[in-house]
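The data block below is entry-v3.tsv; it holds TSV, C-alpha atoms and all ligand atoms.
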chain	number	residue	atom	x	y	z
A	433	MET	CA	-14.82	-38.65	23.40
A	434	LEU	CA	-11.55	-38.87	21.53
A	435	VAL	CA	-9.59	-42.11	21.19
A	436	VAL	CA	-5.89	-41.36	20.73
A	437	MET	CA	-3.96	-44.18	19.08
A	438	LYS	CA	-0.34	-45.03	19.88
A	439	LYS	CA	2.27	-43.69	17.46
A	440	ASP	CA	2.93	-47.16	16.07
A	441	ALA	CA	-0.72	-48.28	15.89
A	442	THR	CA	-1.43	-50.27	12.73
A	443	PRO	CA	-4.27	-49.53	10.25
A	444	ASP	CA	-5.92	-52.78	11.41
A	445	GLN	CA	-5.91	-51.59	15.02
A	446	VAL	CA	-7.45	-48.26	13.94
A	447	GLN	CA	-10.09	-50.14	11.98
A	448	ARG	CA	-10.89	-52.32	15.00
A	449	VAL	CA	-11.50	-49.22	17.13
A	450	VAL	CA	-13.74	-47.71	14.42
A	451	GLN	CA	-15.76	-50.94	14.25
A	452	THR	CA	-16.11	-51.08	18.02
A	453	ILE	CA	-17.42	-47.50	18.08
A	454	GLN	CA	-19.87	-48.26	15.28
A	455	SER	CA	-21.07	-51.40	17.03
A	456	MET	CA	-22.01	-49.17	19.97
A	457	GLY	CA	-24.36	-47.28	17.59
A	458	LEU	CA	-22.05	-44.23	17.49
A	459	VAL	CA	-20.25	-42.34	14.74
A	460	ALA	CA	-16.45	-42.64	14.41
A	461	HIS	CA	-14.39	-39.85	12.80
A	462	THR	CA	-10.84	-40.83	11.95
A	463	ILE	CA	-8.49	-37.86	12.31
A	464	PRO	CA	-5.08	-38.46	10.77
A	465	GLY	CA	-2.29	-36.46	12.43
A	466	ALA	CA	1.39	-35.84	11.85
A	467	GLN	CA	2.24	-37.77	15.04
A	468	ARG	CA	-0.61	-40.22	15.51
A	469	VAL	CA	-4.15	-41.07	14.48
A	470	ALA	CA	-7.07	-40.10	16.69
A	471	ILE	CA	-10.68	-41.22	16.40
A	472	GLY	CA	-13.39	-38.85	17.51
A	473	ILE	CA	-16.79	-40.10	18.61
A	474	THR	CA	-20.12	-38.33	18.13
A	475	GLY	CA	-23.69	-39.48	18.52
A	476	ASN	CA	-23.55	-40.34	22.22
A	477	LYS	CA	-26.28	-38.87	24.41
A	478	GLY	CA	-24.55	-39.32	27.76
A	479	SER	CA	-20.88	-39.75	28.64
A	480	LEU	CA	-19.00	-42.87	27.53
A	481	ASP	CA	-16.84	-45.20	29.58
A	482	PRO	CA	-13.21	-44.72	28.41
A	483	ASN	CA	-12.27	-48.22	29.60
A	484	ALA	CA	-14.37	-49.87	26.89
A	485	LEU	CA	-12.01	-48.39	24.28
A	486	GLU	CA	-8.75	-48.13	26.20
A	487	CYS	CA	-8.58	-51.92	26.42
A	488	LEU	CA	-8.32	-52.26	22.62
A	489	ASP	CA	-4.92	-52.89	21.00
A	490	GLY	CA	-3.07	-49.81	19.77
A	491	VAL	CA	-5.06	-47.36	21.92
A	492	LEU	CA	-3.01	-44.87	23.97
A	493	GLU	CA	-5.92	-43.24	25.79
A	494	ALA	CA	-9.56	-42.25	25.50
A	495	ILE	CA	-10.23	-38.69	26.61
A	496	ARG	CA	-13.45	-36.81	27.19
A	497	VAL	CA	-13.92	-33.69	25.04
A	498	SER	CA	-14.87	-31.10	27.62
A	499	LYS	CA	-16.21	-28.44	25.22
A	500	PRO	CA	-19.78	-28.32	23.88
A	501	PHE	CA	-18.27	-27.91	20.40
A	502	LYS	CA	-16.41	-31.11	19.65
A	503	GLN	CA	-15.11	-31.43	16.12
A	504	VAL	CA	-13.93	-27.83	15.89
A	505	SER	CA	-12.16	-27.94	19.26
A	506	ARG	CA	-8.41	-28.08	19.82
A	507	GLU	CA	-8.97	-31.13	21.98
A	508	TRP	CA	-10.33	-32.94	18.91
A	509	ARG	CA	-7.45	-31.84	16.68
A	510	ALA	CA	-4.29	-30.30	18.08
A	511	GLU	CA	-2.87	-29.11	14.76
A	512	ASP	CA	-4.11	-26.01	12.96
A	513	SER	CA	-6.51	-26.76	10.12
A	514	VAL	CA	-5.68	-25.36	6.72
A	515	VAL	CA	-8.68	-24.66	4.51
A	516	ASN	CA	-8.09	-24.71	0.78
A	517	VAL	CA	-10.10	-22.22	-1.27
A	518	ALA	CA	-9.59	-23.03	-4.96
A	519	GLY	CA	-5.86	-23.48	-4.33
A	520	VAL	CA	-5.48	-20.63	-1.81
A	521	PRO	CA	-4.62	-22.01	1.66
A	522	ILE	CA	-6.11	-20.32	4.74
A	523	GLY	CA	-4.70	-21.15	8.15
A	524	GLY	CA	-1.15	-22.10	7.30
A	525	ARG	CA	1.94	-19.92	7.32
A	526	GLU	CA	0.60	-17.73	4.55
A	527	LEU	CA	-1.62	-14.78	5.44
A	528	VAL	CA	-4.66	-14.58	3.18
A	529	VAL	CA	-5.99	-11.21	2.10
A	530	ILE	CA	-9.56	-11.24	0.78
A	531	ALA	CA	-10.53	-7.92	-0.79
A	532	GLY	CA	-13.20	-6.39	-2.97
A	533	PRO	CA	-16.34	-4.30	-2.88
A	534	CYS	CA	-19.08	-4.74	-0.31
A	535	ALA	CA	-21.57	-5.34	-3.11
A	536	VAL	CA	-21.26	-6.22	-6.78
A	537	GLU	CA	-22.72	-3.23	-8.63
A	538	SER	CA	-21.70	-3.86	-12.25
A	539	TYR	CA	-19.12	-5.80	-14.27
A	540	GLU	CA	-17.07	-2.61	-14.74
A	541	GLN	CA	-17.06	-1.80	-11.03
A	542	CYS	CA	-16.19	-5.34	-10.03
A	543	VAL	CA	-13.46	-5.95	-12.59
A	544	THR	CA	-11.82	-2.57	-11.88
A	545	ILE	CA	-11.62	-3.32	-8.17
A	546	ALA	CA	-10.60	-6.95	-8.74
A	547	ARG	CA	-7.68	-5.92	-10.99
A	548	ALA	CA	-6.51	-3.34	-8.45
A	549	VAL	CA	-6.63	-5.63	-5.43
A	550	LYS	CA	-4.98	-8.47	-7.32
A	551	ALA	CA	-2.15	-6.17	-8.44
A	552	ALA	CA	-1.64	-5.17	-4.80
A	553	GLY	CA	-1.48	-8.81	-3.62
A	554	ALA	CA	-4.98	-9.94	-2.64
A	555	THR	CA	-5.50	-13.64	-3.35
A	556	LEU	CA	-9.29	-13.89	-3.04
A	557	LEU	CA	-12.02	-11.54	-4.28
A	558	ARG	CA	-15.02	-10.70	-2.13
A	559	GLY	CA	-18.29	-9.10	-3.28
A	560	GLY	CA	-21.91	-9.55	-2.28
A	561	ALA	CA	-24.60	-10.43	-4.80
A	562	PHE	CA	-27.21	-10.99	-2.08
A	563	LYS	CA	-26.93	-8.25	0.54
A	564	PRO	CA	-28.39	-8.46	4.06
A	565	ARG	CA	-29.40	-4.81	4.52
A	566	THR	CA	-30.86	-3.31	7.68
A	567	SER	CA	-33.45	-1.40	5.65
A	568	PRO	CA	-35.67	-3.09	3.07
A	569	TYR	CA	-35.36	0.09	0.98
A	570	SER	CA	-31.56	-0.15	0.69
A	571	PHE	CA	-29.83	-1.82	-2.28
A	572	GLN	CA	-30.36	-5.56	-1.85
A	573	GLY	CA	-27.70	-6.70	-4.33
A	574	LEU	CA	-27.92	-7.77	-7.96
A	575	GLY	CA	-28.79	-11.37	-7.04
A	576	LEU	CA	-28.13	-13.93	-9.78
A	577	GLU	CA	-26.82	-11.22	-12.12
A	578	GLY	CA	-24.26	-10.35	-9.43
A	579	LEU	CA	-23.12	-13.96	-9.21
A	580	GLU	CA	-22.75	-14.11	-12.99
A	581	ILE	CA	-20.63	-10.96	-12.89
A	582	LEU	CA	-18.44	-12.50	-10.19
A	583	ALA	CA	-17.97	-15.66	-12.24
A	584	ARG	CA	-16.95	-13.56	-15.28
A	585	VAL	CA	-14.54	-11.49	-13.20
A	586	ARG	CA	-13.01	-14.68	-11.80
A	587	GLN	CA	-12.39	-15.83	-15.34
A	588	ASP	CA	-11.03	-12.48	-16.53
A	589	VAL	CA	-8.89	-11.59	-13.50
A	590	GLY	CA	-8.06	-14.99	-12.04
A	591	LEU	CA	-9.07	-14.51	-8.41
A	592	PRO	CA	-11.26	-17.10	-6.65
A	593	ILE	CA	-14.55	-15.69	-5.32
A	594	VAL	CA	-16.01	-15.41	-1.80
A	595	THR	CA	-19.67	-14.38	-1.71
A	596	GLU	CA	-22.57	-14.52	0.70
A	597	ALA	CA	-25.55	-16.88	0.67
A	598	LEU	CA	-28.48	-15.45	2.61
A	599	ASP	CA	-30.58	-18.59	2.83
A	600	PRO	CA	-30.38	-22.35	2.17
A	601	GLU	CA	-31.82	-21.88	-1.35
A	602	GLY	CA	-29.06	-19.38	-2.15
A	603	VAL	CA	-26.29	-21.87	-1.33
A	604	GLY	CA	-26.87	-23.80	-4.57
A	605	LEU	CA	-26.56	-20.59	-6.60
A	606	VAL	CA	-23.36	-19.60	-4.82
A	607	GLU	CA	-21.98	-23.13	-5.35
A	608	ARG	CA	-22.49	-22.78	-9.09
A	609	HIS	CA	-20.68	-19.43	-9.38
A	610	ALA	CA	-18.17	-19.01	-6.55
A	611	ASP	CA	-15.39	-20.72	-4.56
A	612	MET	CA	-16.32	-19.98	-0.95
A	613	ILE	CA	-19.69	-19.46	0.74
A	614	GLN	CA	-19.89	-16.53	3.14
A	615	ILE	CA	-22.36	-16.78	6.01
A	616	GLY	CA	-22.91	-13.29	7.34
A	617	ALA	CA	-23.03	-12.02	10.90
A	618	ARG	CA	-26.81	-11.74	10.85
A	619	ASN	CA	-27.09	-15.37	9.79
A	620	MET	CA	-24.52	-16.90	12.13
A	621	GLN	CA	-27.28	-18.81	13.92
A	622	ASN	CA	-29.48	-19.50	10.91
A	623	PHE	CA	-29.34	-23.22	11.57
A	624	SER	CA	-30.96	-24.36	8.34
A	625	LEU	CA	-28.42	-22.26	6.39
A	626	LEU	CA	-25.55	-23.70	8.45
A	627	LYS	CA	-26.79	-27.26	7.83
A	628	ARG	CA	-27.11	-26.65	4.10
A	629	ALA	CA	-23.59	-25.17	3.98
A	630	GLY	CA	-22.44	-28.25	5.89
A	631	LYS	CA	-23.54	-30.38	2.95
A	632	SER	CA	-21.60	-28.28	0.46
A	633	LYS	CA	-18.29	-29.15	-1.14
A	634	LEU	CA	-17.27	-25.47	-0.97
A	635	PRO	CA	-15.46	-24.01	2.04
A	636	VAL	CA	-17.41	-21.68	4.31
A	637	LEU	CA	-16.47	-18.25	5.69
A	638	LEU	CA	-18.48	-17.96	8.89
A	639	LYS	CA	-18.74	-14.45	10.33
A	640	ARG	CA	-19.26	-13.92	14.03
A	641	GLY	CA	-22.69	-12.58	14.93
A	642	MET	CA	-22.62	-9.06	16.30
A	643	SER	CA	-23.73	-10.24	19.72
A	644	ALA	CA	-22.36	-13.78	19.66
A	645	THR	CA	-19.98	-15.19	22.23
A	646	ILE	CA	-16.98	-17.24	21.12
A	647	ASP	CA	-18.74	-20.44	22.25
A	648	GLU	CA	-21.75	-19.54	20.11
A	649	LEU	CA	-19.50	-18.86	17.11
A	650	LEU	CA	-17.76	-22.21	17.55
A	651	LEU	CA	-21.07	-24.03	17.98
A	652	ALA	CA	-22.29	-22.43	14.75
A	653	ALA	CA	-19.12	-23.75	13.07
A	654	GLU	CA	-19.85	-27.16	14.63
A	655	TYR	CA	-23.21	-27.18	12.79
A	656	VAL	CA	-21.38	-26.92	9.46
A	657	VAL	CA	-18.65	-29.42	10.33
A	658	SER	CA	-21.05	-31.96	11.85
A	659	GLU	CA	-22.93	-32.09	8.53
A	660	GLY	CA	-19.72	-33.25	6.85
A	661	ASN	CA	-18.01	-30.05	5.69
A	662	PRO	CA	-14.74	-29.59	7.64
A	663	ASN	CA	-13.69	-26.51	5.64
A	664	VAL	CA	-14.75	-23.61	7.83
A	665	VAL	CA	-12.90	-20.32	8.26
A	666	LEU	CA	-14.10	-18.09	11.09
A	667	CYS	CA	-14.23	-14.31	10.88
A	668	GLU	CA	-14.15	-11.69	13.63
A	669	ARG	CA	-16.10	-8.72	12.24
A	670	GLY	CA	-16.85	-6.63	15.29
A	671	VAL	CA	-19.48	-6.79	17.99
A	672	ARG	CA	-21.99	-4.30	19.37
A	673	THR	CA	-20.77	-2.32	22.36
A	674	PHE	CA	-21.55	1.07	23.93
A	675	ALA	CA	-18.73	2.62	21.92
A	676	ASP	CA	-20.15	4.94	19.27
A	677	HIS	CA	-16.99	6.25	17.64
A	678	THR	CA	-17.06	3.17	15.41
A	679	ARG	CA	-19.88	1.14	13.84
A	680	ASN	CA	-18.83	-1.98	15.77
A	681	THR	CA	-16.00	-2.83	18.14
A	682	LEU	CA	-13.50	-5.13	16.45
A	683	ASP	CA	-12.93	-7.70	19.20
A	684	LEU	CA	-9.35	-8.69	18.47
A	685	SER	CA	-9.10	-10.68	21.67
A	686	ALA	CA	-11.39	-13.14	19.88
A	687	VAL	CA	-8.45	-14.13	17.70
A	688	PRO	CA	-6.18	-15.62	20.39
A	689	ALA	CA	-9.27	-16.91	22.24
A	690	VAL	CA	-10.41	-18.84	19.17
A	691	LYS	CA	-6.88	-20.06	18.50
A	692	ASN	CA	-6.78	-21.53	22.01
A	693	LEU	CA	-10.14	-23.25	21.73
A	694	SER	CA	-10.23	-24.32	18.09
A	695	HIS	CA	-8.06	-25.58	15.26
A	696	LEU	CA	-10.06	-23.62	12.67
A	697	PRO	CA	-8.49	-20.62	10.93
A	698	ILE	CA	-9.76	-17.15	11.83
A	699	VAL	CA	-9.55	-13.99	9.73
A	700	ALA	CA	-10.43	-10.44	10.75
A	701	ASP	CA	-12.68	-7.93	9.02
A	702	PRO	CA	-11.66	-4.42	10.09
A	703	SER	CA	-14.02	-2.89	7.49
A	704	HIS	CA	-17.25	-4.01	9.21
A	705	GLY	CA	-15.37	-4.17	12.50
A	706	THR	CA	-14.93	-0.41	12.55
A	707	GLY	CA	-17.23	0.91	9.80
A	708	ARG	CA	-14.80	3.79	9.22
A	709	ARG	CA	-12.34	4.09	6.37
A	710	ASP	CA	-9.72	5.83	8.55
A	711	ASN	CA	-9.75	2.94	11.05
A	712	VAL	CA	-9.40	0.11	8.56
A	713	VAL	CA	-5.63	0.13	7.97
A	714	PRO	CA	-4.53	0.41	11.63
A	715	MET	CA	-6.98	-2.27	12.74
A	716	ALA	CA	-5.97	-4.52	9.84
A	717	LEU	CA	-2.36	-4.34	11.04
A	718	ALA	CA	-3.47	-4.92	14.62
A	719	SER	CA	-5.37	-8.02	13.43
A	720	VAL	CA	-2.22	-9.46	11.89
A	721	ALA	CA	-0.33	-8.70	15.09
A	722	ALA	CA	-3.06	-10.46	17.09
A	723	GLY	CA	-2.41	-13.64	15.10
A	724	ALA	CA	-5.25	-13.58	12.56
A	725	ASP	CA	-4.78	-15.93	9.61
A	726	GLY	CA	-5.84	-13.21	7.22
A	727	LEU	CA	-7.91	-10.15	6.48
A	728	ILE	CA	-11.09	-9.32	4.65
A	729	ILE	CA	-11.09	-5.75	3.39
A	730	GLU	CA	-13.72	-3.72	1.53
A	731	VAL	CA	-12.22	-1.74	-1.35
A	732	HIS	CA	-13.99	0.61	-3.78
A	733	HIS	CA	-12.56	2.88	-6.46
A	734	LYS	CA	-15.49	5.31	-6.05
A	735	PRO	CA	-16.63	4.90	-2.45
A	736	GLU	CA	-18.74	8.08	-2.59
A	737	THR	CA	-21.07	6.42	-5.10
A	738	ALA	CA	-20.94	2.88	-3.62
A	739	LEU	CA	-24.35	1.27	-3.21
A	740	SER	CA	-23.43	-0.15	0.20
A	741	ASP	CA	-20.82	0.43	2.91
A	742	GLY	CA	-19.03	3.24	1.00
A	743	HIS	CA	-17.94	4.96	4.23
A	744	GLN	CA	-15.82	1.97	5.22
A	745	ALA	CA	-14.38	1.14	1.78
A	746	ILE	CA	-10.75	2.08	1.28
A	747	LEU	CA	-9.41	3.25	-2.09
A	748	PRO	CA	-7.23	0.93	-4.19
A	749	ASP	CA	-4.17	3.07	-3.38
A	750	ALA	CA	-4.77	2.77	0.35
A	751	PHE	CA	-5.21	-0.97	-0.11
A	752	ALA	CA	-1.88	-1.21	-1.94
A	753	SER	CA	-0.21	0.70	0.87
A	754	LEU	CA	-1.87	-1.58	3.46
A	755	MET	CA	-0.48	-4.59	1.59
A	756	GLU	CA	3.01	-3.09	1.75
A	757	GLN	CA	2.66	-2.66	5.51
A	758	VAL	CA	1.31	-6.20	5.89
A	759	ARG	CA	4.34	-7.49	3.97
A	760	ARG	CA	6.62	-5.71	6.42
A	761	LEU	CA	4.75	-6.94	9.48
A	762	ALA	CA	4.23	-10.55	8.36
A	763	PRO	CA	7.79	-11.82	9.06
A	764	VAL	CA	7.57	-10.53	12.64
A	765	MET	CA	4.57	-12.84	13.04
A	766	HIS	CA	6.40	-15.70	11.25
A	767	ARG	CA	4.05	-15.36	8.32
A	768	ASP	CA	4.39	-15.13	4.56
A	769	VAL	CA	2.21	-13.08	2.25
A	770	GLY	CA	1.29	-14.60	-1.08
A	771	GLY	CA	-0.25	-12.96	-4.10
A	772	LYS	CA	1.13	-10.50	-6.65
B	801	LIG	C1	-20.32	-8.14	4.26
B	801	LIG	O1	-19.31	-8.85	4.33
B	801	LIG	O2	-20.52	-7.29	3.37
B	801	LIG	C2	-21.30	-8.23	5.37
B	801	LIG	C3	-22.59	-7.93	5.19
B	801	LIG	O3	-20.72	-8.60	6.53
B	801	LIG	P1	-21.37	-8.90	7.99
B	801	LIG	O4	-22.25	-10.09	7.79
B	801	LIG	O5	-20.18	-9.14	8.83
B	801	LIG	O6	-22.14	-7.67	8.39
B	802	MN	MN	-20.21	-4.66	3.60
I'd like the structure from this file rewritten - as structure tokens, please.
Ligand code: PEP
Ligand code: MN
Amino acid sequence: MLVVMKKDATPDQVQRVVQTIQSMGLVAHTIPGAQRVAIGITGNKGSLDPNALECLDGVLEAIRVSKPFKQVSREWRAEDSVVNVAGVPIGGRELVVIAGPCAVESYEQCVTIARAVKAAGATLLRGGAFKPRTSPYSFQGLGLEGLEILARVRQDVGLPIVTEALDPEGVGLVERHADMIQIGARNMQNFSLLKRAGKSKLPVLLKRGMSATIDELLLAAEYVVSEGNPNVVLCERGVRTFADHTRNTLDLSAVPAVKNLSHLPIVADPSHGTGRRDNVVPMALASVAAGADGLIIEVHHKPETALSDGHQAILPDAFASLMEQVRRLAPVMHRDVGGK
């Protein structure tokens, strides 16, 4: 349930509502808004009687949240959320472009790519130190050494870092070296990982599972938010379909669907979404046109020798040209592009 206060409700009246909710053994979440304050309620097993709260001073109405995901729903918060990643906003007017290699392979590799993507206008650097690979014989990432390389590159190049944690134990390591915790598609419903990320002070990039519905994605986000971390950015990264001309099918209809249902930002990943270098640029532009809040793009200066996902990495030059096209498209979508 959501208690919507009147525009002119006083702080005392808000406090009275919070106390009433708490006295019912429930949890009150105060949600400040540009127009008015709302107070969300969690912890109830069955449905609540709106009259018990509507009779309090300053209350406009008490409405039932109809979705299984509560705190991430639009009903809970009508305005778009903006997630701050070390000073880079995601979800506002500015489009965010996250770029970098699939995996951190060496300092040289990482710093070369970081400098190139920064020069082209990326504002966050991606790169995996812990890689979730289909085969146990494939490169698994440099682990802690990879995180240390990322931290050095952040210092030397000045881009905040997004990197994946594979398990709850890995979250602490990522927290010590990076600025945003990525939860990968294969881990979207790893509930202990989601709960641990929910206790983190770092924002979370939550990728849609390759066979997850939008409701399942939003419920996964709810796990993180309900543990106390409101800073979640969703990512559409392609789902499994019968189509075999691409690695996955980038489900761009997820973007407007999520925007309708949730206030959380959503970015698109056309690299994993297509798995093909020649598809990345057109689908990146299509993602912006679909209303995505940003892009995550795999870039490698020597994709033929990349230790993972080389076939979908675009060259730094292609990335720079993509950024030019994004800059031209952004105003049509009433967006700005930062960086550079
Ligand atoms: C990645 O970002 O490199 C990655 C492994 O992504 P996903 O979890 O979407 O497959
Ligand atoms: Mn990858």
Requested in this report: Could you please extract the residues within 9 Å of ligand LIG 801 (chain B), counting only C-alpha atoms and all ligand atoms, and hand them back as a PyMOL selection string?
Outcome: chain A and resi 533-535+558-560+563-565+595-596+614-620+638-642+667-670+701+703-705+728-730+740-741
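Residues in contact range of stretch 591-593 of chain A, defined as at most 9 Å between all atoms listed in the file, with sequence neighbours fewer than 3 positions away removed, read Val517, Ala518, Gly519, Val520, Ala546, Lys550, Ala554, Thr555, Leu556, Leu557, Arg558, Gly559, Leu582, Ala583, Val585, Arg586, Gln587, Asp588, His609, Ala610, Asp611, Met612 and Ile613 of chain A.
Across A:Asp725, A:Glu540, A:Asp749, A:Glu577, the tightest approach to A:Ser513 is made by A:Asp725 when counting only C-alpha atoms.
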Query raised in the report: If we count all atoms listed in the file, what is near A:Ile473 at a cut-off of 8 Å, once residues fewer than 2 positions away on the same chain are taken out, given as a list in words?
Result: Met433, Leu434, Val435, Ile453, Leu458, Val459, Ala460, His461, Ile471, Gly475 and Asn476 of chain A
Keeping only C-alpha atoms, take the residues you just selected and write them out as a PDB file, in the frame of the given file.
ATOM      1  CA  MET A 433     -14.820 -38.650  23.400  1.00  0.00           C
ATOM      2  CA  LEU A 434     -11.550 -38.870  21.530  1.00  0.00           C
ATOM      3  CA  VAL A 435      -9.590 -42.110  21.190  1.00  0.00           C
ATOM      4  CA  ILE A 453     -17.420 -47.500  18.080  1.00  0.00           C
ATOM      5  CA  LEU A 458     -22.050 -44.230  17.490  1.00  0.00           C
ATOM      6  CA  VAL A 459     -20.250 -42.340  14.740  1.00  0.00           C
ATOM      7  CA  ALA A 460     -16.450 -42.640  14.410  1.00  0.00           C
ATOM      8  CA  HIS A 461     -14.390 -39.850  12.800  1.00  0.00           C
ATOM      9  CA  ILE A 471     -10.680 -41.220  16.400  1.00  0.00           C
ATOM     10  CA  GLY A 475     -23.690 -39.480  18.520  1.00  0.00           C
ATOM     11  CA  ASN A 476     -23.550 -40.340  22.220  1.00  0.00           C
TER      12      ASN A 476
END
Requested in this report: Counting all atoms listed in the file, figure out which residue out of A:Gly532, A:Gly578, A:Pro521, A:Pro763 gets nearest to ligand MN 802 (chain B).
Outcome: A:Gly532
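Atom CA of A:Leu634 is found 9.4 Å from atom CA of A:Asn516.
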Report task. Pick out the closest residue to A:Val549 from this set: A:Val606, A:Ile746, A:Ala724, A:Leu761. Count all atoms listed in the file. Result -> A:Ile746
Query raised in the report: Using all atoms listed in the file, which residue out of A:Thr442, A:Asn680, A:Asn483, A:Ser694 lies closest to A:Lys499?
Result: A:Ser694
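Minimum atom-to-atom distance to ligand MN 802 (chain B), evaluated using only C-alpha atoms and all ligand atoms, belongs to A:Gly573 out of A:Gly573, A:Gly604, A:Gly660, A:Gly726.
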Query raised in the report: For A:Ala686, which residue out of A:Gln541, A:Ser505, A:Asn663, A:Thr645 is the nearest one, using all atoms listed in the file?
Result: A:Thr645
Requested in this report: Could you tell me how far atom CA of A:Glu654 lies from atom CA of A:Lys502, in Å and to one decimal?
Outcome: 7.3 Å
Query raised in the report: What separation in Å, quoted to one decimal, exists between atom CA of A:Val713 and atom CA of A:Ala738?
Result: 19.4 Å
Let me have the centre and edge lengths in Å, one decimal, of the box along x, y and z around every listed atom of stretch 634-643 of chain A with 6 Å of margin on each side, as lines of an AutoDock Vina configuration file.
center_x = -19.6
center_y = -17.3
center_z = 9.4
size_x = 20.3
size_y = 28.4
size_z = 32.7
Requested in this report: Find the spatial neighbours of A:Glu507, counting all atoms listed in the file, within a cut-off of 10 Å - ignore same-chain residues fewer than 3 positions away - and output them as a list in words.
Outcome: Met433, Leu434, Gly472, Ile495, Arg496, Val497, Ser498, Lys499, Phe501, Lys502, Gln503, Val504, Ala510, Glu511, Asn692, Leu693, Ser694 and His695 of chain A
Query - Spatial neighbours of A:Val436, 6 Å, only C-alpha atoms, chain gap at least 4 places, as a PyMOL selection string - result: chain A and resi 470+492-493
Query raised in the report: Any idea what's packed within 9 Å of A:Lys734, counting only C-alpha atoms, ignoring anything in its chain fewer than 2 positions away? Could you give it as a VMD selection string?
Result: chain A and resid 541 732 736 to 738 742 745 747
